[in-house]
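Asker: Take a look at this one; I'll ask things after.
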Amino acid sequence: MKILLITSLLLVAAYGGQVQKDDLQKIIETVNKSGAKWKAGQNFAENTKIDSLKKLMGLKRDKLLKLPLGAKHSIPDSSIPDSFDARENWPQCDSIRHIRDQGTCGSCWAVAAAGAFTDRVCIATNGTFTKPLSSEELLACCSECGNGCNGGYPFSAWKFFAYNGLVTGGDYQSNEGCQPYEIQACEHHTTGKLPSCDSLPMSKTPKCQRKCTNAAYSTPFSSDHHKIKQVYTIDGVKEIQKEIMAHGPVEAGYTVYADFPTYKSGVYHHVTGKALGGHAVKIIGWGVEDGTPYWLIANQWNESWGDKGLFKIIRGKDHCGIESEIVAGIPKL
């Protein structure tokens, strides 16, 4: 599977230029006529350039860094339910329901990591800590994580949580927390109240600032950090499920193909189109739809995209590599 993912990514070099209206429509028609388990539709604008989509796929694959496998949970296999939704299991944690927006930056690796870490701190404190943790500090200040808006490593991001920690920080212009996200939110969709992502230039990695950028936030930067005490990967479908049941959402990496951006509903599986690159997201649960097992996943292209910001993908077959690169950690309280 690893070889397949790497091979798929190498195909990106041969797939450049602009997606024309007919190309997008052809993908949508091909999916919807194929008998696929999902429905496609016009998500991105007709003149969206493939390069702008590829640049959103900021997942880099770790080649050298190795993390330990998480300890197997004592939860028996028979206790794993047919369906699970972290939003319903921990209703006191609004962050699980919140869909972040990476904007015109290949920061999926950072935004998904900060989102899952936020959820886990809330869960570990039984909802007494509900502030969002900052995608901004991770994106800007983790030099070991990769290249900021040009992509990064989720495993390194979680290691950063262990030795540096993460300050609080909400969405763009939220004025929430120590370091809110400074990259403008935009529509990864044909219509909406935000500016089209394709109308904005690709963002540069923000400058690392060792201070709170929100002047209204009263907690000092030095005392606002929250850390992870244990970082690990999870291997195997049942262990991923048990990990989510025990501690909350996890970060996952997978390969995005050209049909994925057209996702609207149903259980995604690759039908047509070449690889665009690697992407990182947050798995928040699972279920079964029309007999097909799936993972329930939060993307970070705001709620206008897909199924209110969410999508489902086939579970149990490591489809697109979705089960191969799972990383998480235990918050240090």
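Identifiers in this document derive from the order of the structure tokens: chains are assigned A, B, ..., residues are numbered from 1 separately in each chain, and ligands are numbered from 1 in order of occurrence.
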Taking only C-alpha atoms into account, produce a table as a tab-separated table in which each residue of range 59-108 of chain A with an atom at most 12 Å from an atom of range 194-198 of chain A appears once, together with its shortest atom pair and the distance in Å to one decimal, ordered by chain and rising number.

Answerer:
```
residue	atom	partner	partner_atom	distance
A:Asp101	CA	A:Cys197	CA	10.8
A:Gln102	CA	A:Cys197	CA	10.4
A:Gly103	CA	A:Cys197	CA	6.9
A:Thr104	CA	A:Cys197	CA	6.2
A:Cys105	CA	A:Cys197	CA	9.9
```

Asker: May I have the residues from that selection written out with N, CA and C atoms, as a PDB file, in the first residue's frame?

Answerer:
```pdb
ATOM      1  N   ASP A 101     -11.051  25.879   8.529  1.00  0.00           N
ATOM      2  CA  ASP A 101     -10.813  26.252   7.132  1.00  0.00           C
ATOM      3  C   ASP A 101      -9.338  26.588   6.960  1.00  0.00           C
ATOM      4  N   GLN A 102      -8.641  25.782   6.179  1.00  0.00           N
ATOM      5  CA  GLN A 102      -7.209  26.007   5.984  1.00  0.00           C
ATOM      6  C   GLN A 102      -6.918  27.155   5.033  1.00  0.00           C
ATOM      7  N   GLY A 103      -7.943  27.667   4.313  1.00  0.00           N
ATOM      8  CA  GLY A 103      -7.726  28.748   3.367  1.00  0.00           C
ATOM      9  C   GLY A 103      -6.877  28.303   2.193  1.00  0.00           C
ATOM     10  N   THR A 104      -6.180  29.246   1.570  1.00  0.00           N
ATOM     11  CA  THR A 104      -5.347  28.937   0.401  1.00  0.00           C
ATOM     12  C   THR A 104      -3.930  28.590   0.851  1.00  0.00           C
ATOM     13  N   CYS A 105      -3.832  27.550   1.627  1.00  0.00           N
ATOM     14  CA  CYS A 105      -2.544  27.135   2.216  1.00  0.00           C
ATOM     15  C   CYS A 105      -2.550  25.622   2.336  1.00  0.00           C
TER      16      CYS A 105
END
```

Asker: Using the chain letters and numbers from this document, which residues of range 18-261 of chain A does DSSP assign to helix (DSSP H, G or I), as a PyMOL selection string?

Answerer: chain A and resi 21-33+50-54+77-79+86-89+94-96+108-124+135-141+143-145+148-150+154-163+197-199+221-223+237-247+260-261

Asker: Between A:Asn43, A:Asn89, A:Asn126, A:Ser199, which residue has the minimum interatomic distance to Asp307 in chain A, considering only C-alpha atoms?

Answerer: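 Among the listed residues, the smallest separation from Asp307 in chain A belongs to A:Asn43.
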
Asker: Excluding same-chain residues fewer than 5 positions from Leu56 in chain A, what lies within 12 Å of it counting only C-alpha atoms, as a PyMOL selection string?

Answerer: chain A and resi 49-51+101-111+148-152+188+197-198+202-203+256+261+276-281+299-301

Asker: Could you pull the residues within 12 Å of range 216-223 of chain A, counting only C-alpha atoms, minus those fewer than 4 positions along the same chain, as JSON, numbers by chain?

Answerer: {"A": [134, 137, 164, 165, 166, 167, 168, 169, 170, 174, 175, 176, 177, 178, 179, 180, 209, 210, 211, 212, 227]}

Asker: Please produce an output containing C-alpha atoms for each residue in the selection, written as a PDB file, in the first residue's frame.

Answerer:
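The resulting file, out00.pdb, is shown below:
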```pdb
ATOM      1  CA  SER A 134      -3.822  27.152  17.495  1.00  0.00           C
ATOM      2  CA  GLU A 137       1.525  28.380  15.996  1.00  0.00           C
ATOM      3  CA  ASN A 164       6.694  22.630  22.625  1.00  0.00           C
ATOM      4  CA  GLY A 165       2.973  22.427  23.227  1.00  0.00           C
ATOM      5  CA  LEU A 166       0.370  24.599  21.556  1.00  0.00           C
ATOM      6  CA  VAL A 167      -1.215  27.881  22.575  1.00  0.00           C
ATOM      7  CA  THR A 168      -4.878  28.662  22.097  1.00  0.00           C
ATOM      8  CA  GLY A 169      -6.077  30.203  18.863  1.00  0.00           C
ATOM      9  CA  GLY A 170      -9.330  30.276  16.915  1.00  0.00           C
ATOM     10  CA  SER A 174     -12.191  35.172  15.419  1.00  0.00           C
ATOM     11  CA  ASN A 175     -10.194  37.176  17.992  1.00  0.00           C
ATOM     12  CA  GLU A 176     -10.239  33.969  20.000  1.00  0.00           C
ATOM     13  CA  GLY A 177      -7.255  32.727  21.967  1.00  0.00           C
ATOM     14  CA  CYS A 178      -3.599  33.675  21.877  1.00  0.00           C
ATOM     15  CA  GLN A 179      -2.795  33.119  18.198  1.00  0.00           C
ATOM     16  CA  PRO A 180      -5.823  32.982  15.872  1.00  0.00           C
ATOM     17  CA  GLN A 209       5.810  34.815  16.632  1.00  0.00           C
ATOM     18  CA  ARG A 210       6.691  33.917  20.209  1.00  0.00           C
ATOM     19  CA  LYS A 211       3.916  36.058  21.609  1.00  0.00           C
ATOM     20  CA  CYS A 212       0.154  36.321  21.590  1.00  0.00           C
ATOM     21  CA  LYS A 227       1.163  19.550  25.716  1.00  0.00           C
TER      22      LYS A 227
END
```

Asker: Quick one: residues within 8 Å of Lys312 in chain A, only C-alpha atoms counted, chain neighbours fewer than 3 positions away excluded, as JSON, numbers by chain?

Answerer: {"A": [265, 266, 267, 268, 294, 295, 296, 297]}

Asker: Considering only C-alpha atoms, can you say which of A:Asp224, A:Glu251, A:Glu182, A:Asp119 comes closest to Thr205 in chain A?

Answerer: A:Glu182

Asker: Please report, as a VMD selection string, each residue of range 134-213 of chain A to which DSSP assigns strand (DSSP E or B) when run on this structure's backbone.

Answerer: chain A and resid 146 152 166 168 187 196

Asker: Generate a file of the selected residues that holds N, CA and C atoms, formatted as an mmCIF file, in the first residue's frame.

Answerer:
```cif
data_model
loop_
_atom_site.group_PDB
_atom_site.id
_atom_site.type_symbol
_atom_site.label_atom_id
_atom_site.label_comp_id
_atom_site.auth_asym_id
_atom_site.auth_seq_id
_atom_site.Cartn_x
_atom_site.Cartn_y
_atom_site.Cartn_z
ATOM 1 N N GLY A 146 8.176 20.444 8.365
ATOM 2 C CA GLY A 146 8.128 20.493 6.908
ATOM 3 C C GLY A 146 8.275 21.901 6.387
ATOM 4 N N GLY A 152 3.514 19.561 5.246
ATOM 5 C CA GLY A 152 4.190 19.156 6.461
ATOM 6 C C GLY A 152 3.869 17.727 6.847
ATOM 7 N N LEU A 166 1.116 23.751 22.480
ATOM 8 C CA LEU A 166 0.370 24.599 21.556
ATOM 9 C C LEU A 166 -0.460 25.602 22.352
ATOM 10 N N THR A 168 -3.512 28.573 22.597
ATOM 11 C CA THR A 168 -4.878 28.662 22.097
ATOM 12 C C THR A 168 -4.925 29.555 20.857
ATOM 13 N N GLU A 187 -14.077 30.231 0.134
ATOM 14 C CA GLU A 187 -15.012 29.203 -0.312
ATOM 15 C C GLU A 187 -14.330 28.150 -1.176
ATOM 16 N N SER A 196 -14.125 33.443 -3.106
ATOM 17 C CA SER A 196 -13.677 32.190 -3.702
ATOM 18 C C SER A 196 -12.191 31.982 -3.426
#
```

Asker: Pick from A:Ala71, A:Ile283, A:Pro76, A:Lys332: nearest to Val121 in chain A, with only C-alpha atoms counted?

Answerer: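 Closest to Val121 in chain A of all the choices is A:Lys332.
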
Asker: Rank nothing, just name the residue among A:Val271, A:Leu200, A:Cys186, A:Ile234 nearest to Leu67 in chain A, using only C-alpha atoms.

Answerer: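 When distances to Leu67 in chain A are compared using only C-alpha atoms, the smallest one comes from A:Ile234.
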
Asker: When you look at Ser156 in chain A with a cut-off of 10 Å (counting only C-alpha atoms), what residues show up, excluding the ones that are within fewer than 4 positions of it in the same chain? I need them as a list in words.

Answerer: Asp62, Leu65, Lys66, Leu67, Trp109, Ala110, Cys142, Ser143, Glu144, Cys145, Gly146, Gly152, Phe160, Phe161, Ala162, Val231 and Val327 of chain A
